[in-house]
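Participant: The file below is input_36.pdb, PDB, C-alpha atoms and all ligand atoms:
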ATOM      1  CA  VAL A 140     159.908 154.692  45.598  1.00  0.00           C
ATOM      2  CA  GLU A 141     158.942 151.203  46.637  1.00  0.00           C
ATOM      3  CA  ILE A 142     155.649 150.051  45.173  1.00  0.00           C
ATOM      4  CA  HIS A 143     154.045 148.090  47.986  1.00  0.00           C
ATOM      5  CA  GLY A 144     152.580 144.926  46.501  1.00  0.00           C
ATOM      6  CA  ALA A 145     152.958 142.940  49.750  1.00  0.00           C
ATOM      7  CA  ASN A 146     151.462 142.298  53.166  1.00  0.00           C
ATOM      8  CA  HIS A 147     147.766 142.350  52.287  1.00  0.00           C
ATOM      9  CA  TYR A 148     147.666 145.977  51.236  1.00  0.00           C
ATOM     10  CA  LEU A 149     145.701 147.114  48.191  1.00  0.00           C
ATOM     11  CA  ILE A 150     147.901 145.754  45.388  1.00  0.00           C
ATOM     12  CA  HIS A 151     148.244 142.423  47.189  1.00  0.00           C
ATOM     13  CA  GLN A 152     144.432 142.235  47.373  1.00  0.00           C
ATOM     14  CA  PHE A 153     144.206 142.323  43.599  1.00  0.00           C
ATOM     15  CA  VAL A 154     146.831 139.570  43.202  1.00  0.00           C
ATOM     16  CA  SER A 155     145.318 137.204  45.789  1.00  0.00           C
ATOM     17  CA  ARG A 156     142.243 135.252  44.735  1.00  0.00           C
ATOM     18  CA  HIS A 157     141.267 135.199  48.398  1.00  0.00           C
ATOM     19  CA  TYR A 158     140.465 138.910  48.153  1.00  0.00           C
ATOM     20  CA  ASN A 159     139.938 139.534  44.480  1.00  0.00           C
ATOM     21  CA  ARG A 160     136.346 138.445  43.844  1.00  0.00           C
ATOM     22  CA  ARG A 161     135.828 140.920  41.043  1.00  0.00           C
ATOM     23  CA  GLN A 162     133.955 139.954  37.903  1.00  0.00           C
ATOM     24  CA  ASP A 163     135.289 142.752  35.721  1.00  0.00           C
ATOM     25  CA  GLU A 164     138.590 143.157  33.863  1.00  0.00           C
ATOM     26  CA  TRP A 165     140.377 143.711  37.204  1.00  0.00           C
ATOM     27  CA  SER A 166     139.673 140.115  38.226  1.00  0.00           C
ATOM     28  CA  LYS A 167     142.862 139.195  36.352  1.00  0.00           C
ATOM     29  CA  PRO A 168     145.373 138.964  39.218  1.00  0.00           C
ATOM     30  CA  TYR A 169     148.307 140.774  37.577  1.00  0.00           C
ATOM     31  CA  LYS A 170     146.440 143.501  35.735  1.00  0.00           C
ATOM     32  CA  TYR A 171     146.317 145.933  38.643  1.00  0.00           C
ATOM     33  CA  PRO A 172     149.906 145.488  39.941  1.00  0.00           C
ATOM     34  CA  LEU A 173     151.313 145.811  36.431  1.00  0.00           C
ATOM     35  CA  ALA A 174     149.166 148.871  35.737  1.00  0.00           C
ATOM     36  CA  VAL A 175     150.535 150.486  38.906  1.00  0.00           C
ATOM     37  CA  VAL A 176     154.107 149.604  37.906  1.00  0.00           C
ATOM     38  CA  ASP A 177     153.625 151.089  34.426  1.00  0.00           C
ATOM     39  CA  GLU A 178     152.023 154.235  35.791  1.00  0.00           C
ATOM     40  CA  VAL A 179     154.767 154.806  38.373  1.00  0.00           C
ATOM     41  CA  LEU A 180     157.566 154.077  35.902  1.00  0.00           C
ATOM     42  CA  ASN A 181     156.053 156.423  33.311  1.00  0.00           C
ATOM     43  CA  THR A 182     155.727 159.193  35.870  1.00  0.00           C
ATOM     44  CA  VAL A 183     159.298 158.675  37.054  1.00  0.00           C
ATOM     45  CA  ARG A 184     160.583 158.714  33.471  1.00  0.00           C
ATOM     46  CA  LYS A 185     158.779 161.963  32.895  1.00  0.00           C
ATOM     47  CA  PHE A 186     159.570 163.867  36.065  1.00  0.00           C
ATOM     48  CA  ALA A 187     162.433 162.308  38.039  1.00  0.00           C
ATOM     49  CA  ASP A 188     166.211 162.416  37.741  1.00  0.00           C
ATOM     50  CA  LYS A 189     167.971 159.548  35.994  1.00  0.00           C
ATOM     51  CA  ASP A 190     169.207 158.031  39.257  1.00  0.00           C
ATOM     52  CA  PHE A 191     165.698 157.810  40.786  1.00  0.00           C
ATOM     53  CA  ILE A 192     165.028 154.190  41.682  1.00  0.00           C
ATOM     54  CA  VAL A 193     161.764 152.260  41.782  1.00  0.00           C
ATOM     55  CA  GLY A 194     161.299 148.868  43.412  1.00  0.00           C
ATOM     56  CA  TYR A 195     158.392 146.514  43.928  1.00  0.00           C
ATOM     57  CA  ARG A 196     157.704 144.612  47.140  1.00  0.00           C
ATOM     58  CA  PHE A 197     155.694 141.390  47.038  1.00  0.00           C
ATOM     59  CA  SER A 198     154.497 138.692  49.427  1.00  0.00           C
ATOM     60  CA  PRO A 199     155.431 135.334  47.908  1.00  0.00           C
ATOM     61  CA  GLU A 200     152.970 133.076  49.757  1.00  0.00           C
ATOM     62  CA  ASP A 201     149.725 133.627  51.648  1.00  0.00           C
ATOM     63  CA  PRO A 202     148.462 131.594  54.600  1.00  0.00           C
ATOM     64  CA  GLU A 203     144.917 131.521  53.187  1.00  0.00           C
ATOM     65  CA  GLU A 204     143.935 128.386  51.277  1.00  0.00           C
ATOM     66  CA  ASP A 205     142.902 130.387  48.219  1.00  0.00           C
ATOM     67  CA  GLY A 206     145.626 132.998  48.645  1.00  0.00           C
ATOM     68  CA  ILE A 207     148.892 133.523  46.783  1.00  0.00           C
ATOM     69  CA  LYS A 208     150.992 130.393  46.266  1.00  0.00           C
ATOM     70  CA  MET A 209     154.577 130.150  45.051  1.00  0.00           C
ATOM     71  CA  GLU A 210     153.340 128.956  41.664  1.00  0.00           C
ATOM     72  CA  GLN A 211     151.510 132.261  41.261  1.00  0.00           C
ATOM     73  CA  THR A 212     154.500 134.242  42.505  1.00  0.00           C
ATOM     74  CA  LYS A 213     156.590 132.628  39.781  1.00  0.00           C
ATOM     75  CA  GLU A 214     154.121 134.012  37.236  1.00  0.00           C
ATOM     76  CA  LEU A 215     154.088 137.467  38.805  1.00  0.00           C
ATOM     77  CA  LEU A 216     157.890 137.566  38.859  1.00  0.00           C
ATOM     78  CA  GLY A 217     157.928 136.642  35.183  1.00  0.00           C
ATOM     79  CA  TYR A 218     155.909 139.778  34.442  1.00  0.00           C
ATOM     80  CA  LEU A 219     157.771 142.019  36.890  1.00  0.00           C
ATOM     81  CA  SER A 220     161.193 140.907  35.628  1.00  0.00           C
ATOM     82  CA  SER A 221     160.332 142.219  32.194  1.00  0.00           C
ATOM     83  CA  LYS A 222     159.705 145.712  33.571  1.00  0.00           C
ATOM     84  CA  PRO A 223     162.487 148.284  33.954  1.00  0.00           C
ATOM     85  CA  LEU A 224     162.277 148.149  37.758  1.00  0.00           C
ATOM     86  CA  ASP A 225     165.436 148.761  39.781  1.00  0.00           C
ATOM     87  CA  TYR A 226     164.833 146.058  42.353  1.00  0.00           C
ATOM     88  CA  LEU A 227     162.350 143.510  43.673  1.00  0.00           C
ATOM     89  CA  HIS A 228     161.804 142.974  47.389  1.00  0.00           C
ATOM     90  CA  ALA A 229     160.492 139.694  48.815  1.00  0.00           C
ATOM     91  CA  SER A 230     158.557 140.387  52.017  1.00  0.00           C
ATOM     92  CA  LEU A 231     159.305 137.557  54.463  1.00  0.00           C
ATOM     93  CA  MET A 232     159.336 137.288  58.246  1.00  0.00           C
ATOM     94  CA  ASP A 233     162.294 134.885  57.954  1.00  0.00           C
ATOM     95  CA  ILE A 234     164.538 135.118  54.922  1.00  0.00           C
ATOM     96  CA  HIS A 235     165.259 131.374  55.157  1.00  0.00           C
ATOM     97  CA  SER A 236     161.597 130.362  55.409  1.00  0.00           C
ATOM     98  CA  LYS A 237     160.346 127.461  53.361  1.00  0.00           C
ATOM     99  CA  THR A 238     157.399 127.117  51.015  1.00  0.00           C
ATOM    100  CA  ARG A 239     154.286 126.073  52.882  1.00  0.00           C
ATOM    101  CA  GLU A 240     152.550 123.963  50.267  1.00  0.00           C
ATOM    102  CA  GLY A 241     152.125 123.041  46.618  1.00  0.00           C
ATOM    103  CA  LYS A 242     154.656 122.006  44.027  1.00  0.00           C
ATOM    104  CA  TYR A 243     157.521 123.781  45.802  1.00  0.00           C
ATOM    105  CA  GLU A 244     156.655 122.688  49.376  1.00  0.00           C
ATOM    106  CA  GLY A 245     159.722 122.599  51.640  1.00  0.00           C
ATOM    107  CA  LYS A 246     161.929 124.573  49.266  1.00  0.00           C
ATOM    108  CA  THR A 247     163.465 127.820  50.514  1.00  0.00           C
ATOM    109  CA  ARG A 248     161.356 130.660  49.158  1.00  0.00           C
ATOM    110  CA  ILE A 249     164.171 133.153  48.610  1.00  0.00           C
ATOM    111  CA  GLU A 250     166.163 130.608  46.612  1.00  0.00           C
ATOM    112  CA  LEU A 251     163.197 129.884  44.346  1.00  0.00           C
ATOM    113  CA  ILE A 252     162.595 133.598  43.906  1.00  0.00           C
ATOM    114  CA  ARG A 253     166.237 134.192  43.008  1.00  0.00           C
ATOM    115  CA  GLU A 254     166.137 131.377  40.502  1.00  0.00           C
ATOM    116  CA  TRP A 255     162.977 132.769  38.887  1.00  0.00           C
ATOM    117  CA  ILE A 256     164.245 136.363  38.693  1.00  0.00           C
ATOM    118  CA  ASP A 257     167.458 134.946  37.262  1.00  0.00           C
ATOM    119  CA  ASP A 258     169.490 138.080  38.039  1.00  0.00           C
ATOM    120  CA  LYS A 259     167.394 140.160  35.662  1.00  0.00           C
ATOM    121  CA  ILE A 260     166.650 142.584  38.508  1.00  0.00           C
ATOM    122  CA  PRO A 261     168.448 142.941  41.883  1.00  0.00           C
ATOM    123  CA  LEU A 262     166.622 141.203  44.732  1.00  0.00           C
ATOM    124  CA  VAL A 263     166.188 142.443  48.299  1.00  0.00           C
ATOM    125  CA  GLY A 264     165.683 139.883  51.076  1.00  0.00           C
ATOM    126  CA  ILE A 265     164.361 140.537  54.566  1.00  0.00           C
ATOM    127  CA  GLY A 266     163.308 138.671  57.658  1.00  0.00           C
ATOM    128  CA  SER A 267     164.718 137.861  61.115  1.00  0.00           C
ATOM    129  CA  ILE A 268     168.186 139.303  60.639  1.00  0.00           C
ATOM    130  CA  PHE A 269     169.304 140.434  64.090  1.00  0.00           C
ATOM    131  CA  ASN A 270     173.106 140.211  64.104  1.00  0.00           C
ATOM    132  CA  ALA A 271     176.123 140.276  61.808  1.00  0.00           C
ATOM    133  CA  ASP A 272     176.259 136.500  61.304  1.00  0.00           C
ATOM    134  CA  GLU A 273     172.591 136.436  60.333  1.00  0.00           C
ATOM    135  CA  ALA A 274     173.230 139.275  57.906  1.00  0.00           C
ATOM    136  CA  LEU A 275     176.015 137.235  56.306  1.00  0.00           C
ATOM    137  CA  ASP A 276     173.843 134.101  56.167  1.00  0.00           C
ATOM    138  CA  ALA A 277     171.143 136.195  54.522  1.00  0.00           C
ATOM    139  CA  LEU A 278     173.548 137.567  51.891  1.00  0.00           C
ATOM    140  CA  ASN A 279     174.753 134.013  51.268  1.00  0.00           C
ATOM    141  CA  THR A 280     171.298 133.140  49.937  1.00  0.00           C
ATOM    142  CA  GLY A 281     172.473 135.092  46.872  1.00  0.00           C
ATOM    143  CA  VAL A 282     170.280 138.172  47.241  1.00  0.00           C
ATOM    144  CA  GLN A 283     171.958 141.402  46.199  1.00  0.00           C
ATOM    145  CA  PHE A 284     170.601 143.369  49.169  1.00  0.00           C
ATOM    146  CA  ILE A 285     169.129 142.765  52.582  1.00  0.00           C
ATOM    147  CA  ALA A 286     166.620 144.983  54.346  1.00  0.00           C
ATOM    148  CA  LEU A 287     166.104 145.264  58.096  1.00  0.00           C
ATOM    149  CA  GLY A 288     162.844 145.855  59.926  1.00  0.00           C
ATOM    150  CA  ARG A 289     162.875 145.088  63.642  1.00  0.00           C
ATOM    151  CA  GLU A 290     166.666 145.027  64.036  1.00  0.00           C
ATOM    152  CA  ILE A 291     167.141 148.569  62.755  1.00  0.00           C
ATOM    153  CA  LEU A 292     164.564 149.642  65.348  1.00  0.00           C
ATOM    154  CA  LEU A 293     166.360 147.736  68.108  1.00  0.00           C
ATOM    155  CA  ASP A 294     169.702 149.207  67.070  1.00  0.00           C
ATOM    156  CA  ALA A 295     169.782 152.099  64.631  1.00  0.00           C
ATOM    157  CA  GLU A 296     173.593 151.811  64.515  1.00  0.00           C
ATOM    158  CA  PHE A 297     173.547 148.211  63.222  1.00  0.00           C
ATOM    159  CA  ILE A 298     175.300 149.073  59.959  1.00  0.00           C
ATOM    160  CA  GLU A 299     177.875 151.447  61.439  1.00  0.00           C
ATOM    161  CA  LYS A 300     178.750 148.856  64.086  1.00  0.00           C
ATOM    162  CA  ILE A 301     179.395 146.234  61.391  1.00  0.00           C
ATOM    163  CA  LYS A 302     181.426 148.697  59.326  1.00  0.00           C
ATOM    164  CA  GLU A 303     183.542 149.521  62.365  1.00  0.00           C
ATOM    165  CA  GLY A 304     183.997 145.877  63.351  1.00  0.00           C
ATOM    166  CA  ARG A 305     182.020 146.355  66.577  1.00  0.00           C
ATOM    167  CA  THR A 306     179.655 143.470  65.908  1.00  0.00           C
ATOM    168  CA  GLU A 307     179.624 142.432  69.576  1.00  0.00           C
ATOM    169  CA  ASP A 308     178.082 145.810  70.476  1.00  0.00           C
ATOM    170  CA  ILE A 309     175.022 145.200  68.281  1.00  0.00           C
ATOM    171  CA  ILE A 310     171.789 145.188  70.281  1.00  0.00           C
ATOM    172  CA  SER A 311     169.972 142.115  68.950  1.00  0.00           C
ATOM    173  CA  TYR A 312     167.252 141.613  71.548  1.00  0.00           C
ATOM    174  CA  PHE A 313     164.494 143.725  72.984  1.00  0.00           C
ATOM    175  CA  ASP A 314     165.197 144.462  76.627  1.00  0.00           C
ATOM    176  CA  PRO A 315     161.922 145.267  78.469  1.00  0.00           C
ATOM    177  CA  THR A 316     163.850 146.570  81.495  1.00  0.00           C
ATOM    178  CA  ARG A 317     165.695 149.205  79.442  1.00  0.00           C
ATOM    179  CA  GLU A 318     163.335 151.768  77.981  1.00  0.00           C
ATOM    180  CA  ASP A 319     166.410 153.919  77.177  1.00  0.00           C
ATOM    181  CA  ASN A 320     168.274 151.143  75.351  1.00  0.00           C
ATOM    182  CA  HIS A 321     166.746 151.210  71.909  1.00  0.00           C
ATOM    183  CA  ASN A 322     165.972 154.885  71.449  1.00  0.00           C
ATOM    184  CA  LEU A 323     162.418 154.026  70.361  1.00  0.00           C
ATOM    185  CA  PRO A 324     159.540 156.515  70.459  1.00  0.00           C
ATOM    186  CA  PRO A 325     157.356 155.728  73.526  1.00  0.00           C
ATOM    187  CA  ASN A 326     154.421 154.230  71.594  1.00  0.00           C
ATOM    188  CA  LEU A 327     156.659 151.978  69.543  1.00  0.00           C
ATOM    189  CA  TRP A 328     158.539 150.916  72.666  1.00  0.00           C
ATOM    190  CA  LYS A 329     155.156 149.943  74.167  1.00  0.00           C
ATOM    191  CA  GLN A 330     154.334 147.863  71.082  1.00  0.00           C
ATOM    192  CA  PHE A 331     157.604 145.977  71.462  1.00  0.00           C
ATOM    193  CA  ASP A 332     156.961 145.603  75.201  1.00  0.00           C
ATOM    194  CA  ASN A 333     153.497 144.211  74.419  1.00  0.00           C
ATOM    195  CA  GLY A 334     155.106 141.392  72.497  1.00  0.00           C
ATOM    196  CA  PHE A 335     155.186 142.712  68.940  1.00  0.00           C
ATOM    197  CA  TYR A 336     158.865 141.784  68.799  1.00  0.00           C
TER     198      TYR A 336
HETATM  199  C1  LIG A 401     157.020 148.300  63.825  1.00  0.00           C
HETATM  200  C2  LIG A 401     156.859 147.612  62.493  1.00  0.00           C
HETATM  201  C3  LIG A 401     155.937 148.086  61.597  1.00  0.00           C
HETATM  202  C4  LIG A 401     155.772 147.468  60.366  1.00  0.00           C
HETATM  203  N1  LIG A 401     154.875 147.990  59.506  1.00  0.00           N
HETATM  204  C5  LIG A 401     154.746 147.465  58.299  1.00  0.00           C
HETATM  205  C6  LIG A 401     153.869 148.051  57.380  1.00  0.00           C
HETATM  206  O1  LIG A 401     153.205 149.051  57.655  1.00  0.00           O
HETATM  207  N2  LIG A 401     153.773 147.506  56.177  1.00  0.00           N
HETATM  208  C7  LIG A 401     154.502 146.406  55.836  1.00  0.00           C
HETATM  209  O2  LIG A 401     154.376 145.943  54.726  1.00  0.00           O
HETATM  210  N3  LIG A 401     155.335 145.805  56.693  1.00  0.00           N
HETATM  211  C8  LIG A 401     155.488 146.308  57.894  1.00  0.00           C
HETATM  212  N4  LIG A 401     156.341 145.720  58.792  1.00  0.00           N
HETATM  213  C9  LIG A 401     157.043 144.479  58.402  1.00  0.00           C
HETATM  214  C10 LIG A 401     158.456 144.759  57.972  1.00  0.00           C
HETATM  215  O3  LIG A 401     158.469 145.520  56.767  1.00  0.00           O
HETATM  216  C11 LIG A 401     159.266 143.474  57.715  1.00  0.00           C
HETATM  217  O4  LIG A 401     158.831 142.828  56.530  1.00  0.00           O
HETATM  218  C12 LIG A 401     159.176 142.445  58.831  1.00  0.00           C
HETATM  219  O5  LIG A 401     159.236 143.066  60.093  1.00  0.00           O
HETATM  220  C13 LIG A 401     160.265 141.385  58.704  1.00  0.00           C
HETATM  221  O6  LIG A 401     161.537 141.976  58.777  1.00  0.00           O
HETATM  222  P1  LIG A 401     162.387 141.961  60.158  1.00  0.00           P
HETATM  223  O7  LIG A 401     162.509 140.538  60.595  1.00  0.00           O
HETATM  224  O8  LIG A 401     163.718 142.570  59.751  1.00  0.00           O
HETATM  225  O9  LIG A 401     161.648 142.783  61.142  1.00  0.00           O
HETATM  226  C14 LIG A 401     156.532 146.327  60.013  1.00  0.00           C
HETATM  227  C15 LIG A 401     157.454 145.847  60.938  1.00  0.00           C
HETATM  228  C16 LIG A 401     157.639 146.483  62.156  1.00  0.00           C
HETATM  229  C17 LIG A 401     158.644 145.945  63.107  1.00  0.00           C
END
If you took the structure in this file and wrote it as structure tokens, what would it be?
Ligand SMILES: Cc1cc2nc3c(=O)[nH]c(=O)nc-3n(C[C@H](O)[C@H](O)[C@H](O)COP(=O)(O)O)c2cc1C

Facilitator:
Amino acid sequence: VEIHGANHYLIHQFVSRHYNRRQDEWSKPYKYPLAVVDEVLNTVRKFADKDFIVGYRFSPEDPEEDGIKMEQTKELLGYLSSKPLDYLHASLMDIHSKTREGKYEGKTRIELIREWIDDKIPLVGIGSIFNADEALDALNTGVQFIALGREILLDAEFIEKIKEGRTEDIISYFDPTREDNHNLPPNLWKQFDNGFY
């Protein structure tokens, strides 16, 4: 189970002051995410097998002026790192992206996040990894795992091709002339064709 604390979904809306305008006890930005984490972990402890893993995905920095900043993410990670979670997952569109503003402006987000988690919990990185070299560059940021979004849709055999040394066969770009190329369901193919990619 991955608890989805990222990308402007419900948990994110409690963490971000841009959304959380509450006046009650839930106005505290970390109360809701930590309550969800505790509830999920308790349920897993009670009902799941020992090897059942639970992660937490977070968005480190918001575009909104009063949204989440890296300073706040440092605080959140302090709380999350003390929980018996199996991994943390930083939601980024580019794993090498830099902090937009504030005290950490210009610093690579994933490196800050790694430093703050301090190897207490494995970290998953994601964002704009489309070929084997980019996967290596991403792992060289020091994250324990990388996740793939668009690339695994463009080429579902990405991992097998790397394992088999066929990195030159990896399909790294969307080809609008080849509806058969990516094995995408028609509606998703249309989304890519409309420029989602
Ligand atoms: C078709 C598609 C749908 C996505 N849907 C979601 C979503 O529902 N929730 C979410 O948090 N992220 C969603 N994402 C974002 C991905 O989880 C990922 O963070 C992002 O695409 C960056 O990784 P990538 O460069 O490997 O694609 C989606 C991405 C794609 C391509």

Participant: Between A:Leu224, A:Leu275, A:Pro172, A:Asp190, which one has atoms that come closest to Tyr148 (chain A), using all atoms listed in the file?

Facilitator: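 Distance minimum relative to Tyr148 (chain A) lands on A:Pro172.
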
Participant: Grab the atom O1 of ligand LIG 401 (chain A) to CA of Tyr195 (chain A) distance for me, in Å with one decimal place.

Facilitator: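 Rounded to one decimal, the two atoms are 14.9 Å apart.
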
Participant: Could you tell me which of A:Asp233, A:Asp258, A:Asp332, A:Glu250 comes closest to ligand LIG 401 (chain A) if we count only C-alpha atoms and all ligand atoms?

Facilitator: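 Of A:Asp233, A:Asp258, A:Asp332, A:Glu250, the one nearest ligand LIG 401 (chain A), counting only C-alpha atoms and all ligand atoms, is A:Asp233.
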
Participant: Which residues of chain A come within 7 Å of ligand LIG 401 (chain A), and what is each one's closest atom pair and distance in Å (one decimal), counting all atoms listed in the file, sorted by chain and residue number, as JSON lines?

Facilitator:
{"residue": "A:Ala145", "atom": "CA", "partner": "A:LIG401", "partner_atom": "O2", "distance": 6.0}
{"residue": "A:Asn146", "atom": "CA", "partner": "A:LIG401", "partner_atom": "O2", "distance": 4.9}
{"residue": "A:Ser230", "atom": "CA", "partner": "A:LIG401", "partner_atom": "O4", "distance": 5.1}
{"residue": "A:Leu231", "atom": "CA", "partner": "A:LIG401", "partner_atom": "O4", "distance": 5.7}
{"residue": "A:Met232", "atom": "CA", "partner": "A:LIG401", "partner_atom": "C13", "distance": 4.2}
{"residue": "A:Asp233", "atom": "CA", "partner": "A:LIG401", "partner_atom": "O7", "distance": 6.2}
{"residue": "A:Ile265", "atom": "CA", "partner": "A:LIG401", "partner_atom": "O6", "distance": 5.3}
{"residue": "A:Gly266", "atom": "CA", "partner": "A:LIG401", "partner_atom": "O7", "distance": 3.6}
{"residue": "A:Ser267", "atom": "CA", "partner": "A:LIG401", "partner_atom": "O7", "distance": 3.5}
{"residue": "A:Ile268", "atom": "CA", "partner": "A:LIG401", "partner_atom": "O8", "distance": 5.6}
{"residue": "A:Ala286", "atom": "CA", "partner": "A:LIG401", "partner_atom": "O8", "distance": 6.6}
{"residue": "A:Leu287", "atom": "CA", "partner": "A:LIG401", "partner_atom": "O8", "distance": 4.0}
{"residue": "A:Gly288", "atom": "CA", "partner": "A:LIG401", "partner_atom": "O8", "distance": 3.4}
{"residue": "A:Arg289", "atom": "CA", "partner": "A:LIG401", "partner_atom": "O9", "distance": 3.6}
{"residue": "A:Glu290", "atom": "CA", "partner": "A:LIG401", "partner_atom": "O8", "distance": 5.8}
{"residue": "A:Leu327", "atom": "CA", "partner": "A:LIG401", "partner_atom": "C1", "distance": 6.8}

Participant: Can you measure CA of His157 (chain A) to CA of His143 (chain A) for me? One decimal in Å is fine.

Facilitator: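 Value for the CA of His157 (chain A)-CA of His143 (chain A) distance: 18.2 Å.
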